[in-house]
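K.L.:
The following block contains the structure, expressed as structure tokens.
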Amino acid sequence: AYDIAVGGGEAYWPNQNSGEIVKCTTSNCAGTITVLASGRPSPEDIVIDDTNVYWSEQGGAAFCARAGCGGHPTALVSGMTTADGGALDYDGIAVGPSLIYFPLGGSLRGCTKTGCGNSPSTLTVANADDLTSDANNLYGADGDDIFACPLGNCSDATRVQLVSNVSGSESVAVDTINVYFSYGGAVGSCPLTGCATPTVLADNQTGPDDVATDGVNVYWTDNSADVVLRCAVGGCADKPTVLAKDQHAPKGIALDANAVYWTQVSGDAIVRLAK
């Protein structure tokens, strides 16, 4: 299990080892596991809207109805290769009202939700390592900076740098006030209007990875230390609460009103913990 998305009482995740896209009910996951798609090429990041589940995979992205698609997902983009024939890199996916956004081959791409004839639009030349969205904007990390871009009108001209010099930025999450992100050995925040220097919520982290927020707390996985942690959005005096230890390379993390969910890459498991 790699990334995870949660909504409507269901959890969705890609299994990179088996190439499957899987879902279950959050209240009884072990007894309700359903494979939506199989044989996918190294599926990685996943996102849902009210109707569909979308994921990035090697060389492209695809989707399936949350209710199921008979094992036959629709490819948004597939088989895209580099000049030497290698599969294009991918990392991150986000959904807007009409477009799906994903980084591919060193640039940020967009594709309509119904597909784009294997010809996604190049929205920005600059890449992104992770993506998320709110009602108005797309947000991303590009390894050194955190940026925002308006949904439906994202371009190099409209892309705004919120904070720079956050080397190793990996993952982003937003609430109505701030953007939160992991970078280097830290987890930080910055107002959605931008900041010269990020607020450090937790420093001296071994390998902070995916982050999530409910507007009250920030949660993240530490893939290197095998732990899952939490800090109040306003700070925790650089002493985050350890929610779980020995988590076998925790990676993706998601929230609903009652619980926090994460994946274990080495353990090949989905974990749920009440808030």
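Residues are named by chain letter and number: chains run A, B, ... in the order of the structure tokens, numbers start at 1 in each chain, and ligands are numbered from 1 in the order shown.
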If we count only C-alpha atoms, what is near Ala274 (chain A) at a cut-off of 7 Å, once residues fewer than 3 positions away on the same chain are taken out, given as a list of chain:residue names?

P.N.:
A:Asn258, A:Ala259, A:Val260

K.L.:
For those residues, write N, CA, C and O atoms to a file as a compact mmCIF listing (two decimals), in the first residue's frame.

P.N.:
```txt
# COMPACT_ATOMS: atom_id res chain seq x y z
N ASN A 258 -13.41 11.38 12.24
CA ASN A 258 -13.21 10.58 13.44
C ASN A 258 -11.85 9.92 13.57
O ASN A 258 -11.46 9.51 14.66
N ALA A 259 -11.13 9.77 12.48
CA ALA A 259 -9.93 8.95 12.53
C ALA A 259 -8.85 9.46 11.58
O ALA A 259 -9.10 10.27 10.68
N VAL A 260 -7.65 8.94 11.80
CA VAL A 260 -6.52 9.16 10.90
C VAL A 260 -6.15 7.80 10.30
O VAL A 260 -6.19 6.77 10.98
```

K.L.:
Using only C-alpha atoms, find each residue in region 50-150 of chain A having at least one atom no more than 12 Å away from region 1-18 of chain A; report its shortest atom-to-atom pair and that distance in Å (one decimal), rows by chain then rising number, as a Markdown table.

P.N.:
```
| residue | atom | partner | partner_atom | distance |
| --- | --- | --- | --- | --- |
| A:Asp50 | CA | A:Gly8 | CA | 8.5 |
| A:Thr51 | CA | A:Gly8 | CA | 10.6 |
| A:Asn52 | CA | A:Tyr12 | CA | 10.8 |
| A:Val53 | CA | A:Tyr12 | CA | 7.8 |
| A:Tyr54 | CA | A:Tyr12 | CA | 9.9 |
| A:Trp55 | CA | A:Pro14 | CA | 7.8 |
| A:Ser56 | CA | A:Pro14 | CA | 9.4 |
| A:Glu57 | CA | A:Gln16 | CA | 9.2 |
| A:Gln58 | CA | A:Gln16 | CA | 10.4 |
| A:Ala62 | CA | A:Pro14 | CA | 11.8 |
| A:Phe63 | CA | A:Pro14 | CA | 11.8 |
| A:Cys64 | CA | A:Tyr12 | CA | 11.3 |
| A:Ala65 | CA | A:Tyr12 | CA | 11.7 |
| A:Arg66 | CA | A:Tyr12 | CA | 9.0 |
| A:Ala67 | CA | A:Glu10 | CA | 10.7 |
| A:Gly68 | CA | A:Tyr12 | CA | 11.9 |
| A:Asp91 | CA | A:Asp3 | CA | 10.7 |
| A:Gly92 | CA | A:Asp3 | CA | 9.7 |
| A:Ile93 | CA | A:Asp3 | CA | 10.7 |
| A:Ala94 | CA | A:Ala5 | CA | 11.2 |
| A:Asp130 | CA | A:Asp3 | CA | 11.4 |
| A:Thr132 | CA | A:Ala5 | CA | 11.8 |
```

K.L.:
Residues as selected, N, CA and C atoms, written as a CSV table (one decimal), in the first residue's frame, can you do that?

P.N.:
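The resulting file, selection22.csv, is reproduced below:
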```
chain,number,residue,atom,x,y,z
A,50,ASP,N,-16.6,13.3,-5.7
A,50,ASP,CA,-17.8,12.7,-5.3
A,50,ASP,C,-18.2,11.4,-6.1
A,51,THR,N,-17.6,11.3,-7.3
A,51,THR,CA,-18.0,10.3,-8.3
A,51,THR,C,-16.9,9.2,-8.5
A,52,ASN,N,-15.7,9.7,-8.7
A,52,ASN,CA,-14.6,8.8,-9.2
A,52,ASN,C,-13.4,8.8,-8.3
A,53,VAL,N,-12.6,7.8,-8.5
A,53,VAL,CA,-11.2,7.7,-7.9
A,53,VAL,C,-10.2,7.8,-9.0
A,54,TYR,N,-9.2,8.6,-8.8
A,54,TYR,CA,-8.2,8.9,-9.9
A,54,TYR,C,-6.8,8.6,-9.3
A,55,TRP,N,-5.9,8.1,-10.1
A,55,TRP,CA,-4.6,7.8,-9.6
A,55,TRP,C,-3.5,8.0,-10.7
A,56,SER,N,-2.3,8.3,-10.2
A,56,SER,CA,-1.2,8.4,-11.1
A,56,SER,C,-0.5,7.1,-11.2
A,57,GLU,N,0.1,6.8,-12.4
A,57,GLU,CA,0.7,5.5,-12.6
A,57,GLU,C,1.9,5.7,-13.5
A,58,GLN,N,2.7,4.7,-13.7
A,58,GLN,CA,3.9,4.9,-14.6
A,58,GLN,C,3.4,5.2,-16.0
A,62,ALA,N,-5.2,7.4,-14.6
A,62,ALA,CA,-6.4,6.7,-14.9
A,62,ALA,C,-7.4,7.0,-13.9
A,63,PHE,N,-8.7,6.6,-14.2
A,63,PHE,CA,-9.8,6.7,-13.2
A,63,PHE,C,-10.8,5.6,-13.3
A,64,CYS,N,-11.5,5.4,-12.2
A,64,CYS,CA,-12.6,4.4,-12.2
A,64,CYS,C,-13.7,5.0,-11.3
A,65,ALA,N,-15.0,4.7,-11.6
A,65,ALA,CA,-16.0,5.2,-10.7
A,65,ALA,C,-15.9,4.6,-9.3
A,66,ARG,N,-16.2,5.4,-8.3
A,66,ARG,CA,-16.0,4.9,-7.0
A,66,ARG,C,-16.9,3.7,-6.7
A,67,ALA,N,-18.0,3.6,-7.4
A,67,ALA,CA,-18.9,2.5,-7.3
A,67,ALA,C,-18.4,1.2,-8.0
A,68,GLY,N,-17.4,1.4,-8.9
A,68,GLY,CA,-16.8,0.3,-9.6
A,68,GLY,C,-16.9,0.6,-11.1
A,91,ASP,N,4.4,11.8,-9.9
A,91,ASP,CA,4.4,11.8,-8.5
A,91,ASP,C,3.4,12.9,-8.1
A,92,GLY,N,2.2,12.5,-7.7
A,92,GLY,CA,1.2,13.4,-7.3
A,92,GLY,C,0.0,13.5,-8.2
A,93,ILE,N,-1.2,13.8,-7.7
A,93,ILE,CA,-2.4,14.0,-8.5
A,93,ILE,C,-3.4,14.8,-7.6
A,94,ALA,N,-4.1,15.7,-8.3
A,94,ALA,CA,-5.1,16.5,-7.6
A,94,ALA,C,-6.3,16.7,-8.6
A,130,ASP,N,4.3,16.9,-5.3
A,130,ASP,CA,3.1,16.5,-4.7
A,130,ASP,C,2.1,17.6,-5.0
A,132,THR,N,-2.1,19.1,-4.1
A,132,THR,CA,-3.4,19.1,-3.4
A,132,THR,C,-4.2,20.3,-3.9
```

K.L.:
What are the DSSP strand (DSSP E) residues of region 63-193 of chain A, as a ChimeraX atom specification?

P.N.:
/A:63-65,74-77,94-95,99-104,107-112,121-124,130-133,137-141,146-150,160-163,171-174,178-183,186-191

K.L.:
Need the shell around Ala237 (chain A): protein/DNA/RNA residues with any atom at most 12 Å away, counting only C-alpha atoms. Skip same-chain ones fewer than 4 positions apart. Format as JSON, numbers by chain?

P.N.:
{"A": [199, 200, 201, 202, 203, 231, 232, 233, 241]}

K.L.:
When you count only C-alpha atoms, which of these residues is closest to Ser38 (chain A): A:Arg159, A:His72, A:Lys245, A:Lys251?

P.N.:
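Going through A:Arg159, A:His72, A:Lys245, A:Lys251 one by one, the smallest distance to Ser38 (chain A) is for A:His72.
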
K.L.:
Find the spatial neighbours of Cys154 (chain A), counting only C-alpha atoms, within a cut-off of 10 Å - ignore same-chain residues fewer than 6 positions away - and output them as an MDAnalysis selection string.

P.N.:
chainID A and resid 101 108:110 122:124 137:138 148 160

K.L.:
Excluding Gly234 (chain A) and any residue of its chain fewer than 5 positions from it, enumerate the residues within 10 Å of it, using only C-alpha atoms, and give them as a VMD selection string.

P.N.:
chain A and resid 189 199 201 215 to 218

K.L.:
With N, CA, C and O atoms retained, export the selected residues as a PDB file, in the first residue's frame.

P.N.:
```pdb
ATOM      1  N   SER A 189       4.727  25.385   8.085  1.00  0.00           N
ATOM      2  CA  SER A 189       3.498  25.982   7.574  1.00  0.00           C
ATOM      3  C   SER A 189       3.780  27.380   7.059  1.00  0.00           C
ATOM      4  O   SER A 189       4.808  27.990   7.388  1.00  0.00           O
ATOM      5  N   THR A 199       6.953  28.820   9.139  1.00  0.00           N
ATOM      6  CA  THR A 199       6.865  28.504  10.558  1.00  0.00           C
ATOM      7  C   THR A 199       7.191  27.033  10.733  1.00  0.00           C
ATOM      8  O   THR A 199       6.555  26.170  10.122  1.00  0.00           O
ATOM      9  N   LEU A 201       6.950  23.751  12.538  1.00  0.00           N
ATOM     10  CA  LEU A 201       6.116  23.069  13.529  1.00  0.00           C
ATOM     11  C   LEU A 201       6.892  21.970  14.239  1.00  0.00           C
ATOM     12  O   LEU A 201       6.691  21.734  15.433  1.00  0.00           O
ATOM     13  N   GLY A 215      -7.453  21.189   9.975  1.00  0.00           N
ATOM     14  CA  GLY A 215      -7.625  22.569  10.424  1.00  0.00           C
ATOM     15  C   GLY A 215      -7.388  22.764  11.903  1.00  0.00           C
ATOM     16  O   GLY A 215      -7.289  23.900  12.375  1.00  0.00           O
ATOM     17  N   VAL A 216      -7.272  21.669  12.633  1.00  0.00           N
ATOM     18  CA  VAL A 216      -6.980  21.716  14.074  1.00  0.00           C
ATOM     19  C   VAL A 216      -5.567  21.210  14.331  1.00  0.00           C
ATOM     20  O   VAL A 216      -4.795  21.805  15.071  1.00  0.00           O
ATOM     21  N   ASN A 217      -5.237  20.096  13.702  1.00  0.00           N
ATOM     22  CA  ASN A 217      -3.916  19.483  13.831  1.00  0.00           C
ATOM     23  C   ASN A 217      -3.336  19.177  12.458  1.00  0.00           C
ATOM     24  O   ASN A 217      -4.059  19.072  11.467  1.00  0.00           O
ATOM     25  N   VAL A 218      -2.023  19.021  12.431  1.00  0.00           N
ATOM     26  CA  VAL A 218      -1.314  18.523  11.263  1.00  0.00           C
ATOM     27  C   VAL A 218      -0.806  17.126  11.611  1.00  0.00           C
ATOM     28  O   VAL A 218      -0.259  16.902  12.692  1.00  0.00           O
TER      29      VAL A 218
END
```

K.L.:
What is the distance, in Å and to one decimal place, between CA of Lys275 (chain A) and CA of Ser27 (chain A)?

P.N.:
14.3 Å

K.L.:
Hey, which of A:Thr197, A:Ser133, A:Thr26, A:Gln205 ends up closest to Ser164 (chain A)? Count only C-alpha atoms.

P.N.:
A:Thr197

K.L.:
Pick the closest to Val172 (chain A) from A:Gly106, A:Gly143, A:Gly31, A:Pro240: which is it, counting only C-alpha atoms?

P.N.:
A:Gly143
